[in-house]
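The structure appears below as structure tokens.
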Amino acid sequence: MYKEFHNIKELLEYAEADKQIVGDEGFVANRYPIRFVLFDNFSDSFEFISQKAQTCKVESVDKWLDANYHDIMMTHTALADSISSFISKLSDNDVVIAPFSELARFYDNSDQSKQFETLIRTIKSIESSKNGFQNHQRIYIPIVGLEGKMSMFANDTQINIWYYKNVEKHTNYRLILTPSTFEVKGLDDKYTEVENVKQWMAIWKDQNAKSKIISTSMSLFANAVYAQPDNAFDFCVCKNVYEFLTQGLQLDFGDIEFKVQDNTYWLQLAKEIDIKHFSFEDFFNHHFHIDELADFNVFLKTWFDCHNEFEKWLLCTFYLVKFCNKKSYICQCINSCQSYSQSDFFAAIVLTIFDCDDKESYVDERNICMKFAADRGIKVSVYVEERLKTELIKISEQYGYTKAVKYLTHLTLVEKELAVSWVGQTKIDISFVANVYPDLYNYISGKIESPNAWITNYFKAYRESKIANKINDDLKALLAAQNGSVVTFNNWYNSFKNTKTVLNNRTDIEVYYWIDGMGIEWIPFITYLFSKKEGIYLNETHIVHAAYPTTTPINKVALDDLSHNNLKKIGDLDTQAHKNTNRYPNYIIEELEIVSNAIDKIVSEYSGKKIAIVSDHGLTAMSQFCDGLNLAGYKSDHGGRLASNESGKIVADNNYVVCEDGTTICALKHNSLCGKTPIGQSAHGGCTPEEILVPIFIVSSHKESTNYTAKLLTTEITGNNPVIEFEIKGENIVNPYVMYGNQQYKLTKAGTIYRSDKLALVAATTSVTLFIGSAYKQTFNLKINIGAEEEEDLFDF
């Protein structure tokens, strides 16, 4: 019999009337004492049990559970047996058995098992004891939320089912079944948590139980699939941390697709989440200490601030949430990544564009990404570089070099190789690589200023030939004009001073740096490098000649004399030039890096002193393209750029110049005197302009060029002795003075030391400016101590 009620009073009155049934109906009612009482919520069930507890005994099912193992489900047969055994031992008391449904809802009721149905049919058939029958004993079994399953018995005349359908107070519970709460914080405010079957069985008694319940019971989790349908509970089964956060706790992470390989990161994220007022964006911004992930520029900066792969995953995940619906190259790259390692991510940055349908729409964003990577020294694998090279060549062949160059950046070696070779082969104009490879652009396009016009033209043609990997006609003609004979060579050679002559009286230079093998071809590039630096300025550039033979032993002596044997070698193009492994265009790229690194090191070591950067000789890359002269009777030296004939029988020839020793000759042309210079190698020792002419760079902390250096010697100035001293070096030091507090003070010379008149000290004025003539001005900070000892007052009685 199935009966429905709409208020608790009606239900209780009916229950009381049920005990008074007599006659044939009473016989059946007393013989089968089980009454299933259905409720939609725990509150109504608790109210019914509380009311009946005034006249009934309440028997808790959890007493029948294993006392030693709190998370073991009682089987449906064991539950039925326990109820039957309990009833058989009762005297004449009415009893409420609870909780029942908290176990029963998790029994398998599939077609193959029918555990729930078997349980109900078994229990409904339990008969009263003799005393129970005589005293109209009733056994009430409250069931919360299983109206759907119990409806199968609605037409069964041998069962008593009472359904209290409270239309005004129907609270659906949300039961989240999960293997763990994954250390998420702040759950207590919104959720009631149960850890095992025993705690779950007690929840019906908890009037403070929240409508959202989290169960970490493994037994309930394992049987969750059998819990539906249920009109009191909405079940949410979470198999992993992602499902717990998104489906269980219903936190909004956007349209993120869960990947099994990301599970570790979700576990880490869960530990850091506090669900009170949780917002993924607020959490993200707080974690990375940023105001907003506004665009890919912020993404890239944040990427390099990440400390581990979890943070990189978090960054990528949030970026996808925020920008996945927009045309974003980084989103394309993230989706193609197999991991969040530096190598995988930047491999994706390099290559993903070639798999995109609309490649050109991503070019600008990719270029910025590649620049970020290059500026931070990111390297990619050989495989990535080789595929990149293949893709770039494919585009150049299919669509032309002008289109292919759009995909060039300066991140990888292969891109630099292609840039050099494409410019060298005139496939693209040098202007196309101005932003892609600025080092190459400034090496080639920069102009060498000289009163001798041929110098400018010659080194333009030389650099173009070097990049082209062959001697062009302009260079051949210019060399023929300048080195066509010993006479023409001497004319230009003697028009230049040497390094020692230019710097011999420069007492203002305090540090000498030496880049071995640096010719004047490097003037534009080094000028460009210093233009990017702050606090250090290239004041002067001089072109001078090296002595010939253009070798280190011949020319370093003068450099050592200038530096008082304190010459600092900062770069070595010479050793690089002779490497057997050199190949085009790599050796050009390596030379650019050697010079760039040398300047970076000078800047990093800079302490404010005036410095000179000098060289012993230059190099020629053109001899590798020319046959050797194979002069008989000569012993080759420096790859044939010079040779010696101990017999002294040297015949005058316009292919070489004879040195002062009368036995050594130096090549005037690119053809070496003996054997051919190996391909890929540069050489020196001869007398071509690129071997002979070397630069001098004067660098200081002053924007304007001066011939002075000054050092403040007074570390602290006191009221007792308010004077300051400088060490000043340089030529023609005329009328030096200082300005302090808007007042001028003369400096008096004693050797290289200059001493001021007494200063009128002001505690708040802590700087002084030194002037030398109209060209030099430098400000120094002072440490002021005005305090002076008080003199004894002789009239103080």
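Please note that chains go A, B, ... in the order of the structure tokens, that every chain numbers its residues from 1, and that ligands are numbered from 1 in the order shown.
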Which residues in range 51-213 of chain A does DSSP call alpha helix (DSSP H)? List them as a ChimeraX atom specification. /A:51-52,76-88,101-104,115-124,130-134,147-150,197-201
Output file for the residues above (C-alpha atoms, as an mmCIF file, in the first residue's frame):
data_model
loop_
_atom_site.group_PDB
_atom_site.id
_atom_site.type_symbol
_atom_site.label_atom_id
_atom_site.label_comp_id
_atom_site.auth_asym_id
_atom_site.auth_seq_id
_atom_site.Cartn_x
_atom_site.Cartn_y
_atom_site.Cartn_z
ATOM 1 C CA GLN A 51 8.102 13.065 17.260
ATOM 2 C CA LYS A 52 8.046 9.277 17.269
ATOM 3 C CA HIS A 76 22.314 -5.603 1.659
ATOM 4 C CA THR A 77 21.967 -9.136 2.991
ATOM 5 C CA ALA A 78 23.775 -8.272 6.207
ATOM 6 C CA LEU A 79 21.524 -5.246 6.683
ATOM 7 C CA ALA A 80 18.394 -7.320 6.113
ATOM 8 C CA ASP A 81 19.639 -9.994 8.514
ATOM 9 C CA SER A 82 20.488 -7.395 11.154
ATOM 10 C CA ILE A 83 17.027 -5.840 10.952
ATOM 11 C CA SER A 84 15.357 -9.241 11.091
ATOM 12 C CA SER A 85 17.461 -10.346 14.040
ATOM 13 C CA PHE A 86 16.843 -7.083 15.858
ATOM 14 C CA ILE A 87 13.064 -7.322 15.416
ATOM 15 C CA SER A 88 12.975 -10.951 16.531
ATOM 16 C CA SER A 101 18.428 5.010 3.196
ATOM 17 C CA GLU A 102 21.984 6.280 3.741
ATOM 18 C CA LEU A 103 23.144 2.717 3.136
ATOM 19 C CA ALA A 104 20.376 1.493 0.884
ATOM 20 C CA GLN A 115 20.279 -5.614 -4.395
ATOM 21 C CA PHE A 116 18.043 -2.696 -3.407
ATOM 22 C CA GLU A 117 14.861 -4.414 -4.569
ATOM 23 C CA THR A 118 15.857 -7.652 -2.817
ATOM 24 C CA LEU A 119 16.582 -5.720 0.381
ATOM 25 C CA ILE A 120 13.138 -4.071 0.407
ATOM 26 C CA ARG A 121 11.299 -7.277 -0.437
ATOM 27 C CA THR A 122 13.167 -9.125 2.309
ATOM 28 C CA ILE A 123 12.521 -6.494 4.959
ATOM 29 C CA LYS A 124 8.840 -5.988 4.107
ATOM 30 C CA LYS A 130 4.310 -12.957 19.381
ATOM 31 C CA ASN A 131 4.462 -10.019 21.814
ATOM 32 C CA GLY A 132 4.889 -7.607 18.977
ATOM 33 C CA PHE A 133 1.825 -8.940 17.208
ATOM 34 C CA GLN A 134 -0.292 -8.765 20.328
ATOM 35 C CA GLU A 147 10.999 7.885 -3.799
ATOM 36 C CA GLY A 148 11.957 6.993 -7.383
ATOM 37 C CA LYS A 149 13.331 3.598 -6.429
ATOM 38 C CA MET A 150 10.510 2.907 -3.964
ATOM 39 C CA VAL A 197 30.539 5.371 6.074
ATOM 40 C CA LYS A 198 30.154 5.786 9.840
ATOM 41 C CA GLN A 199 30.211 9.603 9.577
ATOM 42 C CA TRP A 200 27.829 9.435 6.627
ATOM 43 C CA MET A 201 25.389 7.316 8.643
#
Neighbour list for Gln743 in chain A as a ChimeraX atom specification, cut-off 9 Å, only C-alpha atoms, skip fewer than 5 positions in-chain: /A:738,759-760
So that each row is one residue of range 678-777 of chain A with an atom at most 12 Å from range 535-546 of chain A, can you give its shortest atom pair and the distance in Å to one decimal, using only C-alpha atoms, rows by chain and rising number, as JSON lines?
{"residue": "A:His684", "atom": "CA", "partner": "A:Ala546", "partner_atom": "CA", "distance": 11.3}
{"residue": "A:Gly685", "atom": "CA", "partner": "A:Ala546", "partner_atom": "CA", "distance": 10.2}
{"residue": "A:Gly686", "atom": "CA", "partner": "A:Ala546", "partner_atom": "CA", "distance": 10.7}
{"residue": "A:Cys687", "atom": "CA", "partner": "A:Ala546", "partner_atom": "CA", "distance": 9.3}
{"residue": "A:Thr688", "atom": "CA", "partner": "A:His545", "partner_atom": "CA", "distance": 11.0}
{"residue": "A:Pro689", "atom": "CA", "partner": "A:His545", "partner_atom": "CA", "distance": 8.9}
{"residue": "A:Glu690", "atom": "CA", "partner": "A:His545", "partner_atom": "CA", "distance": 10.0}
{"residue": "A:Glu691", "atom": "CA", "partner": "A:Ala546", "partner_atom": "CA", "distance": 8.1}
{"residue": "A:Ile692", "atom": "CA", "partner": "A:Ala546", "partner_atom": "CA", "distance": 5.2}
{"residue": "A:Leu693", "atom": "CA", "partner": "A:His545", "partner_atom": "CA", "distance": 4.6}
{"residue": "A:Val694", "atom": "CA", "partner": "A:Val544", "partner_atom": "CA", "distance": 5.5}
{"residue": "A:Pro695", "atom": "CA", "partner": "A:Ile543", "partner_atom": "CA", "distance": 4.7}
{"residue": "A:Ile696", "atom": "CA", "partner": "A:His542", "partner_atom": "CA", "distance": 4.9}
{"residue": "A:Phe697", "atom": "CA", "partner": "A:Thr541", "partner_atom": "CA", "distance": 4.8}
{"residue": "A:Ile698", "atom": "CA", "partner": "A:Glu540", "partner_atom": "CA", "distance": 4.9}
{"residue": "A:Val699", "atom": "CA", "partner": "A:Leu538", "partner_atom": "CA", "distance": 4.6}
{"residue": "A:Ser700", "atom": "CA", "partner": "A:Tyr537", "partner_atom": "CA", "distance": 5.5}
{"residue": "A:Ser701", "atom": "CA", "partner": "A:Ile536", "partner_atom": "CA", "distance": 4.6}
{"residue": "A:His702", "atom": "CA", "partner": "A:Tyr537", "partner_atom": "CA", "distance": 6.3}
{"residue": "A:Lys703", "atom": "CA", "partner": "A:Tyr537", "partner_atom": "CA", "distance": 5.6}
{"residue": "A:Glu704", "atom": "CA", "partner": "A:Asn539", "partner_atom": "CA", "distance": 6.2}
{"residue": "A:Ser705", "atom": "CA", "partner": "A:Asn539", "partner_atom": "CA", "distance": 4.7}
{"residue": "A:Thr706", "atom": "CA", "partner": "A:Asn539", "partner_atom": "CA", "distance": 7.8}
{"residue": "A:Asn707", "atom": "CA", "partner": "A:Asn539", "partner_atom": "CA", "distance": 10.0}
{"residue": "A:Tyr708", "atom": "CA", "partner": "A:Asn539", "partner_atom": "CA", "distance": 11.9}
Residues of the last selection are to be written out with N, CA, C and O atoms, as a short mmCIF file (atom, residue, chain, number, x, y, z; two decimals), in the first residue's frame.
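Printed below is part.cif as written:
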data_model
loop_
_atom_site.label_atom_id
_atom_site.label_comp_id
_atom_site.auth_asym_id
_atom_site.auth_seq_id
_atom_site.Cartn_x
_atom_site.Cartn_y
_atom_site.Cartn_z
N HIS A 684 96.32 36.88 -41.80
CA HIS A 684 96.98 38.18 -41.60
C HIS A 684 98.47 38.00 -41.75
O HIS A 684 98.99 36.89 -41.78
N GLY A 685 99.17 39.12 -41.81
CA GLY A 685 100.62 39.11 -42.04
C GLY A 685 100.96 39.92 -43.27
O GLY A 685 102.08 40.42 -43.42
N GLY A 686 99.98 40.06 -44.20
CA GLY A 686 100.20 40.80 -45.42
C GLY A 686 99.90 42.28 -45.27
O GLY A 686 99.74 42.81 -44.16
N CYS A 687 99.78 42.94 -46.44
CA CYS A 687 99.67 44.40 -46.43
C CYS A 687 98.43 44.91 -47.15
O CYS A 687 98.42 46.05 -47.65
N THR A 688 97.37 44.12 -47.22
CA THR A 688 96.12 44.66 -47.74
C THR A 688 95.55 45.64 -46.72
O THR A 688 95.89 45.58 -45.53
N PRO A 689 94.71 46.58 -47.16
CA PRO A 689 94.18 47.57 -46.21
C PRO A 689 93.49 46.94 -45.00
O PRO A 689 93.60 47.46 -43.88
N GLU A 690 92.80 45.80 -45.19
CA GLU A 690 92.10 45.19 -44.07
C GLU A 690 93.05 44.56 -43.06
O GLU A 690 92.70 44.37 -41.89
N GLU A 691 94.27 44.24 -43.49
CA GLU A 691 95.28 43.71 -42.57
C GLU A 691 96.06 44.82 -41.89
O GLU A 691 96.45 44.71 -40.72
N ILE A 692 96.29 45.91 -42.62
CA ILE A 692 97.16 47.00 -42.15
C ILE A 692 96.43 47.99 -41.25
O ILE A 692 96.95 48.39 -40.20
N LEU A 693 95.22 48.39 -41.64
CA LEU A 693 94.55 49.48 -40.94
C LEU A 693 93.77 48.97 -39.73
O LEU A 693 92.94 48.05 -39.84
N VAL A 694 94.05 49.57 -38.59
CA VAL A 694 93.39 49.18 -37.34
C VAL A 694 92.80 50.41 -36.66
O VAL A 694 93.28 51.53 -36.87
N PRO A 695 91.78 50.21 -35.84
CA PRO A 695 91.15 51.36 -35.18
C PRO A 695 91.68 51.58 -33.77
O PRO A 695 92.26 50.69 -33.14
N ILE A 696 91.47 52.79 -33.30
CA ILE A 696 91.61 53.13 -31.87
C ILE A 696 90.27 53.71 -31.43
O ILE A 696 89.75 54.64 -32.07
N PHE A 697 89.71 53.18 -30.35
CA PHE A 697 88.47 53.71 -29.79
C PHE A 697 88.78 54.29 -28.41
O PHE A 697 89.37 53.60 -27.57
N ILE A 698 88.41 55.55 -28.19
CA ILE A 698 88.56 56.18 -26.88
C ILE A 698 87.17 56.27 -26.25
O ILE A 698 86.25 56.85 -26.83
N VAL A 699 87.05 55.72 -25.06
CA VAL A 699 85.75 55.60 -24.40
C VAL A 699 85.83 56.21 -23.01
O VAL A 699 86.84 56.03 -22.30
N SER A 700 84.78 56.92 -22.61
CA SER A 700 84.75 57.50 -21.26
C SER A 700 83.30 57.62 -20.78
O SER A 700 82.37 57.25 -21.48
N SER A 701 83.16 58.19 -19.61
CA SER A 701 81.83 58.42 -19.04
C SER A 701 81.25 59.76 -19.50
O SER A 701 80.15 60.13 -19.08
N HIS A 702 81.97 60.49 -20.33
CA HIS A 702 81.52 61.79 -20.82
C HIS A 702 81.01 61.67 -22.25
O HIS A 702 81.62 61.01 -23.09
N LYS A 703 79.90 62.34 -22.53
CA LYS A 703 79.35 62.31 -23.88
C LYS A 703 80.27 63.01 -24.86
O LYS A 703 80.42 62.59 -26.00
N GLU A 704 80.87 64.09 -24.41
CA GLU A 704 81.75 64.86 -25.28
C GLU A 704 83.19 64.40 -25.11
O GLU A 704 83.63 64.03 -24.02
N SER A 705 83.94 64.49 -26.19
CA SER A 705 85.34 64.07 -26.16
C SER A 705 86.20 65.10 -25.43
O SER A 705 86.09 66.30 -25.66
N THR A 706 87.04 64.62 -24.51
CA THR A 706 88.00 65.48 -23.81
C THR A 706 89.31 64.73 -23.69
O THR A 706 89.37 63.52 -23.87
N ASN A 707 90.34 65.47 -23.37
CA ASN A 707 91.65 64.85 -23.16
C ASN A 707 92.01 64.80 -21.69
O ASN A 707 93.18 64.79 -21.32
N TYR A 708 90.98 64.80 -20.83
CA TYR A 708 91.22 64.83 -19.39
C TYR A 708 90.55 63.65 -18.70
O TYR A 708 89.51 63.14 -19.15
#
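Compared by their closest atoms to Phe346 in chain A, and using only C-alpha atoms, the residues A:Ser421, A:Thr181, A:Thr412, A:Thr317 rank with A:Thr412 nearest.
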Find the residues near range 516-533 of chain A: any atom within 6 Å, counting only C-alpha atoms, skip ones fewer than 5 places away on the same chain, and give them as a list in words.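 Within the cut-off, the hits are Asn442, Tyr443, Gly446, Asp572, Leu573, Asp574, Ser615, His617, Gly618, Leu619, Glu690, Leu693, Val694 and Pro695 of chain A.
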Output N, CA, C and O atoms for every residue in the selection just made, as a PDB file, in the first residue's frame.
ATOM      1  N   ASN A 442      74.234  46.492 -39.055  1.00  0.00           N
ATOM      2  CA  ASN A 442      75.145  47.587 -38.706  1.00  0.00           C
ATOM      3  C   ASN A 442      76.589  47.296 -39.113  1.00  0.00           C
ATOM      4  O   ASN A 442      77.345  48.224 -39.378  1.00  0.00           O
ATOM      5  N   TYR A 443      76.963  46.021 -39.167  1.00  0.00           N
ATOM      6  CA  TYR A 443      78.293  45.674 -39.665  1.00  0.00           C
ATOM      7  C   TYR A 443      78.422  46.045 -41.138  1.00  0.00           C
ATOM      8  O   TYR A 443      79.430  46.608 -41.568  1.00  0.00           O
ATOM      9  N   GLY A 446      76.933  50.294 -41.995  1.00  0.00           N
ATOM     10  CA  GLY A 446      77.596  51.443 -41.381  1.00  0.00           C
ATOM     11  C   GLY A 446      78.733  51.970 -42.242  1.00  0.00           C
ATOM     12  O   GLY A 446      79.434  51.216 -42.922  1.00  0.00           O
ATOM     13  N   ASP A 572      89.298  37.977 -29.173  1.00  0.00           N
ATOM     14  CA  ASP A 572      90.310  37.303 -29.993  1.00  0.00           C
ATOM     15  C   ASP A 572      89.714  36.873 -31.333  1.00  0.00           C
ATOM     16  O   ASP A 572      89.205  35.766 -31.478  1.00  0.00           O
ATOM     17  N   LEU A 573      89.778  37.768 -32.315  1.00  0.00           N
ATOM     18  CA  LEU A 573      89.357  37.427 -33.673  1.00  0.00           C
ATOM     19  C   LEU A 573      90.434  36.610 -34.385  1.00  0.00           C
ATOM     20  O   LEU A 573      90.135  35.827 -35.297  1.00  0.00           O
ATOM     21  N   ASP A 574      91.683  36.778 -33.951  1.00  0.00           N
ATOM     22  CA  ASP A 574      92.820  36.110 -34.595  1.00  0.00           C
ATOM     23  C   ASP A 574      92.693  34.586 -34.485  1.00  0.00           C
ATOM     24  O   ASP A 574      92.757  33.863 -35.479  1.00  0.00           O
ATOM     25  N   SER A 615      94.218  47.533 -31.317  1.00  0.00           N
ATOM     26  CA  SER A 615      94.413  46.251 -31.992  1.00  0.00           C
ATOM     27  C   SER A 615      95.831  46.162 -32.525  1.00  0.00           C
ATOM     28  O   SER A 615      96.495  47.187 -32.754  1.00  0.00           O
ATOM     29  N   HIS A 617      96.600  44.145 -35.359  1.00  0.00           N
ATOM     30  CA  HIS A 617      96.536  44.006 -36.816  1.00  0.00           C
ATOM     31  C   HIS A 617      95.109  43.673 -37.200  1.00  0.00           C
ATOM     32  O   HIS A 617      94.278  43.338 -36.344  1.00  0.00           O
ATOM     33  N   GLY A 618      94.827  43.726 -38.500  1.00  0.00           N
ATOM     34  CA  GLY A 618      93.527  43.293 -38.989  1.00  0.00           C
ATOM     35  C   GLY A 618      93.616  41.916 -39.613  1.00  0.00           C
ATOM     36  O   GLY A 618      94.631  41.210 -39.479  1.00  0.00           O
ATOM     37  N   LEU A 619      92.563  41.525 -40.311  1.00  0.00           N
ATOM     38  CA  LEU A 619      92.490  40.214 -40.957  1.00  0.00           C
ATOM     39  C   LEU A 619      91.906  40.383 -42.351  1.00  0.00           C
ATOM     40  O   LEU A 619      91.129  41.306 -42.595  1.00  0.00           O
ATOM     41  N   GLU A 690      92.802  45.799 -45.195  1.00  0.00           N
ATOM     42  CA  GLU A 690      92.099  45.194 -44.066  1.00  0.00           C
ATOM     43  C   GLU A 690      93.052  44.561 -43.063  1.00  0.00           C
ATOM     44  O   GLU A 690      92.702  44.374 -41.894  1.00  0.00           O
ATOM     45  N   LEU A 693      95.222  48.386 -41.637  1.00  0.00           N
ATOM     46  CA  LEU A 693      94.547  49.480 -40.938  1.00  0.00           C
ATOM     47  C   LEU A 693      93.766  48.969 -39.732  1.00  0.00           C
ATOM     48  O   LEU A 693      92.942  48.053 -39.843  1.00  0.00           O
ATOM     49  N   VAL A 694      94.045  49.573 -38.591  1.00  0.00           N
ATOM     50  CA  VAL A 694      93.394  49.178 -37.337  1.00  0.00           C
ATOM     51  C   VAL A 694      92.803  50.412 -36.658  1.00  0.00           C
ATOM     52  O   VAL A 694      93.284  51.534 -36.869  1.00  0.00           O
ATOM     53  N   PRO A 695      91.784  50.211 -35.845  1.00  0.00           N
ATOM     54  CA  PRO A 695      91.150  51.360 -35.185  1.00  0.00           C
ATOM     55  C   PRO A 695      91.684  51.584 -33.768  1.00  0.00           C
ATOM     56  O   PRO A 695      92.256  50.694 -33.139  1.00  0.00           O
TER      57      PRO A 695
END
Can you pull out every residue within 12 Å of Ala763 in chain A, counting only C-alpha atoms, but drop anything in the same chain fewer than 3 positions away, and send it as a list in words?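 With the cut-off at 12 Å, the set is Ile717, Thr718, Gly719, Pro722, Tyr740, Gly741, Leu759, Ala760, Thr766, Ser767, Leu782, Lys783, Ile784, Asn785, Ile786 and Gly787 of chain A.
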Could you tell me how far CA of Glu281 in chain A lies from CA of Arg174 in chain A, in Å and to one decimal?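 Separation between CA of Glu281 in chain A and CA of Arg174 in chain A: 26.5 Å.
Using only C-alpha atoms, the nearest neighbour of Arg583 in chain A within the list A:His564, A:Gln207, A:Arg105, A:Gln681 is A:Gln681.
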Interatomic distance, CA of Ala67 in chain A to CA of Met218 in chain A (Å, one decimal):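 Here the two named atoms are 17.1 Å from each other.
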What's the 7 Å shell around range 386-394 of chain A, counting only C-alpha atoms, without same-chain residues fewer than 4 positions away, as a list of chain:residue names? A:Leu351, A:Val382, A:Gln398, A:Ala404, A:Val414
Using only C-alpha atoms: which of A:Arg376, A:Lys19, A:His287, A:Lys403 has the shortest distance to His307 in chain A: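 Ranking A:Arg376, A:Lys19, A:His287, A:Lys403 by distance to His307 in chain A, first place goes to A:His287.
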